[in-house]
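Enquirer: Following this line is protein-v1.cif, made up of mmCIF, C-alpha atoms and all ligand atoms:
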data_target
loop_
_atom_site.group_PDB
_atom_site.id
_atom_site.type_symbol
_atom_site.label_atom_id
_atom_site.label_comp_id
_atom_site.auth_asym_id
_atom_site.auth_seq_id
_atom_site.Cartn_x
_atom_site.Cartn_y
_atom_site.Cartn_z
ATOM 1 C CA MET P 1 -38.288 51.896 99.120
ATOM 2 C CA LYS P 2 -39.116 48.261 98.469
ATOM 3 C CA LEU P 3 -42.081 48.853 96.126
ATOM 4 C CA ALA P 4 -41.077 51.960 94.170
ATOM 5 C CA GLY P 5 -42.984 52.161 90.884
ATOM 6 C CA LYS P 6 -45.065 49.062 91.651
ATOM 7 C CA LYS P 7 -48.805 49.160 91.089
ATOM 8 C CA ALA P 8 -51.124 47.335 93.442
ATOM 9 C CA ILE P 9 -54.792 46.500 93.836
ATOM 10 C CA ILE P 10 -55.888 45.799 97.407
ATOM 11 C CA THR P 11 -59.420 44.498 97.967
ATOM 12 C CA GLY P 12 -60.944 45.236 101.365
ATOM 13 C CA GLY P 13 -58.401 48.009 101.761
ATOM 14 C CA THR P 14 -60.717 50.483 103.489
ATOM 15 C CA ARG P 15 -60.107 49.301 107.029
ATOM 16 C CA GLY P 16 -58.409 46.757 109.286
ATOM 17 C CA ILE P 17 -55.765 44.513 107.758
ATOM 18 C CA GLY P 18 -56.288 45.742 104.171
ATOM 19 C CA LYS P 19 -55.857 49.369 105.240
ATOM 20 C CA ALA P 20 -52.670 48.498 107.158
ATOM 21 C CA ILE P 21 -51.310 46.772 104.034
ATOM 22 C CA ALA P 22 -52.236 49.800 101.892
ATOM 23 C CA ILE P 23 -50.405 52.150 104.271
ATOM 24 C CA ALA P 24 -47.306 49.935 104.325
ATOM 25 C CA PHE P 25 -47.322 49.693 100.502
ATOM 26 C CA ALA P 26 -47.693 53.486 100.191
ATOM 27 C CA GLU P 27 -44.745 53.995 102.565
ATOM 28 C CA GLN P 28 -42.716 51.722 100.290
ATOM 29 C CA GLY P 29 -43.502 53.715 97.133
ATOM 30 C CA ALA P 30 -46.369 51.773 95.486
ATOM 31 C CA ASP P 31 -49.311 53.189 93.507
ATOM 32 C CA ILE P 32 -52.513 51.717 94.921
ATOM 33 C CA ALA P 33 -56.112 51.114 93.871
ATOM 34 C CA ILE P 34 -58.361 50.174 96.778
ATOM 35 C CA PHE P 35 -61.540 48.145 96.249
ATOM 36 C CA GLY P 36 -64.117 48.271 99.024
ATOM 37 C CA THR P 37 -67.749 48.800 99.840
ATOM 38 C CA SER P 38 -67.790 52.188 101.582
ATOM 39 C CA GLU P 39 -67.121 55.317 99.511
ATOM 40 C CA GLU P 40 -66.622 57.374 102.679
ATOM 41 C CA ARG P 41 -64.064 55.007 104.210
ATOM 42 C CA GLY P 42 -62.427 54.663 100.806
ATOM 43 C CA GLN P 43 -61.810 58.393 100.534
ATOM 44 C CA GLU P 44 -60.494 58.465 104.116
ATOM 45 C CA VAL P 45 -57.953 55.776 103.225
ATOM 46 C CA VAL P 46 -56.864 57.656 100.109
ATOM 47 C CA SER P 47 -56.158 60.712 102.321
ATOM 48 C CA ALA P 48 -54.253 58.494 104.780
ATOM 49 C CA LEU P 49 -52.133 57.138 101.920
ATOM 50 C CA GLU P 50 -51.407 60.647 100.620
ATOM 51 C CA ALA P 51 -50.117 61.500 104.114
ATOM 52 C CA VAL P 52 -47.566 58.660 104.226
ATOM 53 C CA LYS P 53 -46.473 58.390 100.582
ATOM 54 C CA ALA P 54 -42.772 58.183 99.841
ATOM 55 C CA SER P 55 -42.813 60.165 96.581
ATOM 56 C CA SER P 56 -44.949 62.903 95.031
ATOM 57 C CA GLU P 57 -45.370 60.726 91.914
ATOM 58 C CA GLN P 58 -47.467 58.076 93.667
ATOM 59 C CA LYS P 59 -51.134 57.681 92.689
ATOM 60 C CA PHE P 60 -53.928 56.372 94.909
ATOM 61 C CA PHE P 61 -57.587 55.877 94.261
ATOM 62 C CA PHE P 62 -60.625 54.098 95.618
ATOM 63 C CA LYS P 63 -63.269 52.153 93.670
ATOM 64 C CA LYS P 64 -66.567 51.082 95.162
ATOM 65 C CA VAL P 65 -66.667 47.429 94.130
ATOM 66 C CA ASP P 66 -68.553 44.437 95.445
ATOM 67 C CA VAL P 67 -65.824 41.843 94.952
ATOM 68 C CA SER P 68 -68.341 39.001 94.864
ATOM 69 C CA SER P 69 -69.727 40.376 91.593
ATOM 70 C CA ASN P 70 -67.756 39.102 88.614
ATOM 71 C CA GLN P 71 -69.125 41.877 86.403
ATOM 72 C CA GLU P 72 -68.271 44.715 88.816
ATOM 73 C CA VAL P 73 -64.779 43.364 89.388
ATOM 74 C CA LYS P 74 -64.179 42.969 85.662
ATOM 75 C CA GLU P 75 -65.285 46.536 84.853
ATOM 76 C CA ASN P 76 -63.267 48.066 87.676
ATOM 77 C CA ILE P 77 -60.085 46.109 87.010
ATOM 78 C CA HIS P 78 -60.246 47.212 83.378
ATOM 79 C CA HIS P 79 -60.586 50.778 84.612
ATOM 80 C CA VAL P 80 -57.545 50.352 86.900
ATOM 81 C CA LEU P 81 -55.555 48.888 83.996
ATOM 82 C CA GLU P 82 -56.430 51.956 81.899
ATOM 83 C CA ILE P 83 -54.994 54.207 84.615
ATOM 84 C CA PHE P 84 -52.038 52.104 85.815
ATOM 85 C CA GLU P 85 -51.314 50.278 82.509
ATOM 86 C CA ASN P 86 -50.416 47.182 84.487
ATOM 87 C CA VAL P 87 -50.860 45.725 87.964
ATOM 88 C CA ASP P 88 -47.815 44.179 89.648
ATOM 89 C CA ILE P 89 -49.390 43.203 92.956
ATOM 90 C CA LEU P 90 -52.856 41.911 93.821
ATOM 91 C CA VAL P 91 -53.829 41.571 97.474
ATOM 92 C CA ASN P 92 -57.119 39.742 98.049
ATOM 93 C CA CYS P 93 -58.100 40.877 101.530
ATOM 94 C CA ALA P 94 -61.874 41.539 101.394
ATOM 95 C CA GLY P 95 -63.707 39.221 103.734
ATOM 96 C CA ILE P 96 -66.678 38.787 106.026
ATOM 97 C CA THR P 97 -67.915 36.420 108.716
ATOM 98 C CA ARG P 98 -71.471 35.137 109.265
ATOM 99 C CA ASP P 99 -70.898 32.893 112.276
ATOM 100 C CA LYS P 100 -73.506 30.273 113.182
ATOM 101 C CA LEU P 101 -73.503 26.586 114.018
ATOM 102 C CA LEU P 102 -74.036 24.612 110.816
ATOM 103 C CA MET P 103 -77.356 23.336 112.175
ATOM 104 C CA LYS P 104 -78.664 26.924 112.165
ATOM 105 C CA MET P 105 -76.816 28.213 109.129
ATOM 106 C CA GLU P 106 -79.010 29.522 106.325
ATOM 107 C CA GLU P 107 -78.056 29.027 102.695
ATOM 108 C CA GLU P 108 -77.688 32.811 102.457
ATOM 109 C CA ASP P 109 -75.007 32.798 105.234
ATOM 110 C CA TRP P 110 -73.083 30.126 103.364
ATOM 111 C CA ASP P 111 -73.353 31.820 99.967
ATOM 112 C CA ALA P 112 -72.455 35.318 101.195
ATOM 113 C CA VAL P 113 -69.275 34.141 102.924
ATOM 114 C CA LEU P 114 -68.161 31.875 100.081
ATOM 115 C CA ASP P 115 -68.923 34.531 97.453
ATOM 116 C CA ILE P 116 -67.202 37.433 99.222
ATOM 117 C CA ASN P 117 -64.242 35.502 100.639
ATOM 118 C CA LEU P 118 -63.523 32.929 97.927
ATOM 119 C CA LYS P 119 -65.304 33.613 94.651
ATOM 120 C CA SER P 120 -63.914 37.159 94.872
ATOM 121 C CA VAL P 121 -60.403 35.710 94.608
ATOM 122 C CA TYR P 122 -61.421 33.963 91.392
ATOM 123 C CA ASN P 123 -63.037 37.194 90.133
ATOM 124 C CA THR P 124 -59.955 39.383 90.602
ATOM 125 C CA THR P 125 -57.250 36.842 89.869
ATOM 126 C CA GLN P 126 -58.806 35.362 86.749
ATOM 127 C CA ILE P 127 -58.705 38.769 85.081
ATOM 128 C CA LEU P 128 -55.282 39.884 86.270
ATOM 129 C CA ILE P 129 -53.467 36.627 85.628
ATOM 130 C CA ARG P 130 -53.430 37.158 81.854
ATOM 131 C CA PRO P 131 -51.641 40.550 81.881
ATOM 132 C CA MET P 132 -49.293 39.272 84.605
ATOM 133 C CA MET P 133 -48.418 36.230 82.467
ATOM 134 C CA LYS P 134 -47.840 38.459 79.468
ATOM 135 C CA LYS P 135 -45.532 40.642 81.547
ATOM 136 C CA ARG P 136 -43.870 37.588 83.071
ATOM 137 C CA SER P 137 -44.074 39.004 86.562
ATOM 138 C CA GLY P 138 -46.618 39.404 89.304
ATOM 139 C CA ARG P 139 -47.365 38.968 92.959
ATOM 140 C CA ILE P 140 -50.639 37.619 94.327
ATOM 141 C CA ILE P 141 -51.189 37.661 98.086
ATOM 142 C CA ASN P 142 -54.321 36.058 99.488
ATOM 143 C CA ILE P 143 -55.335 36.835 103.060
ATOM 144 C CA THR P 144 -56.657 33.584 104.428
ATOM 145 C CA SER P 145 -56.935 32.746 108.154
ATOM 146 C CA VAL P 146 -55.678 30.253 110.723
ATOM 147 C CA ILE P 147 -59.331 29.148 110.815
ATOM 148 C CA GLY P 148 -58.818 27.738 107.300
ATOM 149 C CA LEU P 149 -56.073 25.544 108.766
ATOM 150 C CA MET P 150 -57.557 24.660 112.169
ATOM 151 C CA GLY P 151 -61.338 24.958 111.798
ATOM 152 C CA ASN P 152 -63.541 26.567 114.430
ATOM 153 C CA PRO P 153 -67.029 25.731 115.704
ATOM 154 C CA GLY P 154 -69.561 28.256 114.378
ATOM 155 C CA GLN P 155 -67.429 29.075 111.350
ATOM 156 C CA VAL P 156 -67.889 26.226 108.855
ATOM 157 C CA ASN P 157 -68.639 28.716 106.077
ATOM 158 C CA TYR P 158 -65.681 30.963 106.937
ATOM 159 C CA ALA P 159 -63.301 28.011 107.417
ATOM 160 C CA ALA P 160 -64.391 26.503 104.092
ATOM 161 C CA SER P 161 -63.807 29.809 102.297
ATOM 162 C CA LYS P 162 -60.374 30.278 103.853
ATOM 163 C CA ALA P 163 -59.292 26.656 103.281
ATOM 164 C CA GLY P 164 -60.510 27.083 99.687
ATOM 165 C CA MET P 165 -58.201 30.064 99.282
ATOM 166 C CA ILE P 166 -55.264 27.937 100.382
ATOM 167 C CA GLY P 167 -55.996 25.175 97.846
ATOM 168 C CA MET P 168 -56.513 27.754 95.138
ATOM 169 C CA THR P 169 -53.240 29.501 96.044
ATOM 170 C CA ARG P 170 -51.170 26.317 95.944
ATOM 171 C CA SER P 171 -52.685 25.236 92.606
ATOM 172 C CA LEU P 172 -52.346 28.611 90.908
ATOM 173 C CA ALA P 173 -48.769 28.954 92.189
ATOM 174 C CA LYS P 174 -47.929 25.798 90.252
ATOM 175 C CA GLU P 175 -49.773 27.014 87.141
ATOM 176 C CA VAL P 176 -47.898 30.315 86.892
ATOM 177 C CA ALA P 177 -44.516 29.781 88.575
ATOM 178 C CA SER P 178 -42.724 29.470 85.233
ATOM 179 C CA ARG P 179 -43.971 32.975 84.366
ATOM 180 C CA ASN P 180 -42.288 34.455 87.429
ATOM 181 C CA ILE P 181 -45.597 35.073 89.202
ATOM 182 C CA THR P 182 -45.740 34.196 92.886
ATOM 183 C CA VAL P 183 -48.975 33.299 94.663
ATOM 184 C CA ASN P 184 -49.003 33.056 98.443
ATOM 185 C CA CYS P 185 -51.315 33.190 101.413
ATOM 186 C CA ILE P 186 -50.912 35.018 104.669
ATOM 187 C CA ALA P 187 -52.875 33.347 107.458
ATOM 188 C CA PRO P 188 -53.446 35.808 110.298
ATOM 189 C CA GLY P 189 -54.415 34.576 113.743
ATOM 190 C CA PHE P 190 -56.394 36.893 116.002
ATOM 191 C CA ILE P 191 -55.900 40.479 114.787
ATOM 192 C CA ASP P 192 -57.344 43.597 116.390
ATOM 193 C CA THR P 193 -59.790 44.956 113.749
ATOM 194 C CA ASP P 194 -63.499 45.760 113.341
ATOM 195 C CA MET P 195 -64.028 42.115 112.385
ATOM 196 C CA THR P 196 -62.762 40.802 115.747
ATOM 197 C CA ASN P 197 -64.403 43.656 117.641
ATOM 198 C CA GLN P 198 -67.736 41.992 116.807
ATOM 199 C CA LEU P 199 -66.792 39.146 119.184
ATOM 200 C CA SER P 200 -68.016 39.156 122.785
ATOM 201 C CA ASP P 201 -65.515 39.674 125.630
ATOM 202 C CA GLU P 202 -66.022 36.038 126.564
ATOM 203 C CA GLN P 203 -65.174 34.882 123.023
ATOM 204 C CA LYS P 204 -62.093 37.144 122.952
ATOM 205 C CA GLU P 205 -60.867 35.791 126.302
ATOM 206 C CA GLY P 206 -61.320 32.241 125.021
ATOM 207 C CA ILE P 207 -59.305 32.979 121.880
ATOM 208 C CA LEU P 208 -56.546 34.814 123.758
ATOM 209 C CA LYS P 209 -56.021 31.726 125.919
ATOM 210 C CA GLN P 210 -54.970 29.940 122.706
ATOM 211 C CA VAL P 211 -52.364 32.601 121.805
ATOM 212 C CA PRO P 212 -49.000 31.827 123.430
ATOM 213 C CA MET P 213 -47.854 35.459 123.020
ATOM 214 C CA GLY P 214 -50.922 36.490 125.029
ATOM 215 C CA ARG P 215 -51.900 39.427 122.825
ATOM 216 C CA LEU P 216 -53.858 40.206 119.685
ATOM 217 C CA GLY P 217 -51.906 40.907 116.537
ATOM 218 C CA ASN P 218 -52.222 44.221 114.737
ATOM 219 C CA GLY P 219 -52.518 45.228 111.107
ATOM 220 C CA LYS P 220 -48.839 46.113 110.900
ATOM 221 C CA ASP P 221 -47.865 42.545 111.892
ATOM 222 C CA ILE P 222 -49.629 41.361 108.727
ATOM 223 C CA ALA P 223 -48.613 44.296 106.518
ATOM 224 C CA ASN P 224 -44.896 43.651 107.167
ATOM 225 C CA ALA P 225 -45.246 40.163 105.685
ATOM 226 C CA ALA P 226 -47.261 41.485 102.735
ATOM 227 C CA VAL P 227 -44.482 43.976 101.898
ATOM 228 C CA PHE P 228 -41.934 41.165 102.168
ATOM 229 C CA LEU P 229 -43.877 38.910 99.776
ATOM 230 C CA ALA P 230 -44.651 41.757 97.360
ATOM 231 C CA SER P 231 -41.041 42.974 97.164
ATOM 232 C CA SER P 232 -37.989 41.326 95.630
ATOM 233 C CA ASP P 233 -37.304 39.812 99.091
ATOM 234 C CA GLY P 234 -40.032 37.298 98.238
ATOM 235 C CA ASP P 235 -38.793 36.413 94.747
ATOM 236 C CA TYR P 236 -38.406 32.663 95.389
ATOM 237 C CA ILE P 237 -41.396 32.113 97.672
ATOM 238 C CA THR P 238 -44.529 30.708 96.061
ATOM 239 C CA GLY P 239 -47.447 28.436 96.951
ATOM 240 C CA GLN P 240 -46.887 29.024 100.666
ATOM 241 C CA VAL P 241 -49.017 29.901 103.659
ATOM 242 C CA ILE P 242 -47.273 32.282 106.036
ATOM 243 C CA THR P 243 -48.973 32.066 109.402
ATOM 244 C CA ILE P 244 -48.814 35.134 111.647
ATOM 245 C CA ASP P 245 -50.588 34.249 114.844
ATOM 246 C CA GLY P 246 -48.473 34.836 117.959
ATOM 247 C CA GLY P 247 -47.860 31.102 118.169
ATOM 248 C CA MET P 248 -51.528 30.019 118.032
ATOM 249 C CA THR P 249 -50.865 27.151 115.600
ATOM 250 C CA ALA P 250 -47.355 26.310 116.884
HETATM 251 P P1 LIG J 1 -62.665 44.208 108.396
HETATM 252 O O1 LIG J 1 -64.068 43.795 108.590
HETATM 253 O O2 LIG J 1 -62.089 45.288 109.235
HETATM 254 O O3 LIG J 1 -62.410 44.601 106.857
HETATM 255 C C1 LIG J 1 -62.972 43.871 105.830
HETATM 256 C C2 LIG J 1 -62.806 44.608 104.541
HETATM 257 O O4 LIG J 1 -63.445 43.863 103.501
HETATM 258 C C3 LIG J 1 -63.447 45.989 104.539
HETATM 259 O O5 LIG J 1 -62.587 46.885 103.875
HETATM 260 C C4 LIG J 1 -64.720 45.807 103.724
HETATM 261 O O6 LIG J 1 -65.113 46.968 103.023
HETATM 262 C C5 LIG J 1 -64.271 44.731 102.753
HETATM 263 N N1 LIG J 1 -65.402 44.015 102.175
HETATM 264 C C6 LIG J 1 -66.350 43.285 102.801
HETATM 265 N N2 LIG J 1 -67.252 42.821 101.914
HETATM 266 C C7 LIG J 1 -66.851 43.276 100.704
HETATM 267 C C8 LIG J 1 -67.369 43.152 99.379
HETATM 268 N N3 LIG J 1 -68.482 42.455 99.113
HETATM 269 N N4 LIG J 1 -66.714 43.761 98.371
HETATM 270 C C9 LIG J 1 -65.581 44.481 98.601
HETATM 271 N N5 LIG J 1 -65.043 44.618 99.821
HETATM 272 C C10 LIG J 1 -65.680 44.034 100.848
HETATM 273 O O7 LIG J 1 -61.833 42.863 108.531
HETATM 274 P P2 LIG J 1 -60.290 42.561 108.803
HETATM 275 O O8 LIG J 1 -60.202 41.983 110.150
HETATM 276 O O9 LIG J 1 -59.422 43.676 108.401
HETATM 277 O O10 LIG J 1 -60.111 41.341 107.787
HETATM 278 C C11 LIG J 1 -59.475 41.468 106.534
HETATM 279 C C12 LIG J 1 -59.202 40.076 105.992
HETATM 280 O O11 LIG J 1 -58.377 39.356 106.908
HETATM 281 C C13 LIG J 1 -60.477 39.240 105.831
HETATM 282 O O12 LIG J 1 -60.377 38.459 104.662
HETATM 283 C C14 LIG J 1 -60.464 38.354 107.056
HETATM 284 O O13 LIG J 1 -61.126 37.147 106.829
HETATM 285 C C15 LIG J 1 -58.975 38.145 107.245
HETATM 286 N N6 LIG J 1 -58.621 37.758 108.608
HETATM 287 C C16 LIG J 1 -58.874 38.587 109.675
HETATM 288 C C17 LIG J 1 -58.500 38.182 110.950
HETATM 289 C C18 LIG J 1 -58.724 39.022 112.170
HETATM 290 O O14 LIG J 1 -58.480 38.527 113.270
HETATM 291 N N7 LIG J 1 -59.161 40.256 112.041
HETATM 292 C C19 LIG J 1 -57.891 36.945 111.133
HETATM 293 C C20 LIG J 1 -57.662 36.132 110.042
HETATM 294 C C21 LIG J 1 -58.021 36.562 108.781
#
Would you write out, as structure tokens, the structure that this file holds?
Ligand code: NAD
Expert:
Amino acid sequence: MKLAGKKAIITGGTRGIGKAIAIAFAEQGADIAIFGTSEERGQEVVSALEAVKASSEQKFFFKKVDVSSNQEVKENIHHVLEIFENVDILVNCAGITRDKLLMKMEEEDWDAVLDINLKSVYNTTQILIRPMMKKRSGRIINITSVIGLMGNPGQVNYAASKAGMIGMTRSLAKEVASRNITVNCIAPGFIDTDMTNQLSDEQKEGILKQVPMGRLGNGKDIANAAVFLASSDGDYITGQVITIDGGMTA
């Protein structure tokens, strides 16, 4: 078990990539608090984690939290800290898209994407960084996107949020490296989840043409890297962006 006794918070852990990371962490022995928006999906994930856990000691729970709300995040992280005592691993995975050409993009589309994808990372990290610094250990994994590296028409809001995560990750990594806290991004390419299922067949075909491996990735492809970064295997890796995209950005 690579994460035995470790305690993790995973935002957006109720489905897709976040759920795959939660399952992989549970298989490796971690205790996990999931933050998400759907109580029903949250409870389903908790049952899924119970089914794959590596030890009877492991604890899992779900909190309904809008990660764009500083107040909600603060209250719920304090609640998690009461239960877990400390948090070793934070995975910021919650995210949305509101795709439109900039010309047609409403202020609300911009704000929602920036608040949920980027401000959320400030909300969670700003609170957890203090106890991690005190403990002189911690792992922060931010799920960005290849779109934050490459850009994409129709996604200026999403690309800005994901590029923002990368700048934030590199800066914070430098702030806290001396305290043995690592901060990294994983940049997935085109992964088969509810988020990509919103795309039309034509859009999917267009994207697949850009993937040299000729297939979509799956949650496990991303979760494997998250386990690697969260475990002692990733001890000396910080401030990096690990791209997992079937060769899309090669
Ligand atoms: P998804 O839509 O399946 O899951 C998104 C998760 O975020 C859900 O659990 C949802 O409850 C949560 N969420 C949304 N708004 C929230 C809020 N306000 N507060 C708390 N939780 C909220 O998406 P996914 O494909 O699994 O994507 C997960 C992450 O990976 C996102 O950050 C996304 O940008 C990123 N990503 C996905 C792909 C892909 O191809 N699927 C590619 C690159 C990056």
Enquirer: Pick out the residues sitting within 12 Å of Lys209 of chain P, and hand them over as a PyMOL selection string; count only C-alpha atoms, and ignore anything fewer than 5 positions along from it in its own chain.
Expert: chain P and resi 190+202-204+214-216+246-248
Enquirer: Within 8 Å of ligand LIG 1 (chain J) (counting all atoms listed in the file), which residues show up? I'd like them as an MDAnalysis selection string.
Expert: chainID P and resid 11:19 35:38 64:69 92:97 116:117 120 143:147 158 162 187:196 217 219
Enquirer: Report the distance between atom CA of Arg179 of chain P and atom CA of Ser231 of chain P in Å, rounded to one decimal place.
Expert: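 Those two atoms sit 16.5 Å apart.
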Enquirer: Just how far from atom CA of Leu118 of chain P is atom CA of Lys63 of chain P, in Å to one decimal?
Expert: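 Interatomic distance, atom CA of Lys63 of chain P to atom CA of Leu118 of chain P: 19.7 Å.
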Enquirer: How big is the axis-aligned box, and where does its centre sit, when it encloses all atoms of segment 42-61 of chain P listed in the file and has 3 Å added on every side, reported in Å to one decimal as JSON?
Expert:
{"center_x": -52.6, "center_y": 58.8, "center_z": 98.3, "size_x": 25.7, "size_y": 14.2, "size_z": 18.9}
Enquirer: Just checking: using all atoms listed in the file, which residue out of P:Ala26, P:Val121, P:Ala20, P:Ala48 ends up closest to Leu3 of chain P?
Expert: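 Of P:Ala26, P:Val121, P:Ala20, P:Ala48, the one nearest Leu3 of chain P, counting all atoms listed in the file, is P:Ala26.
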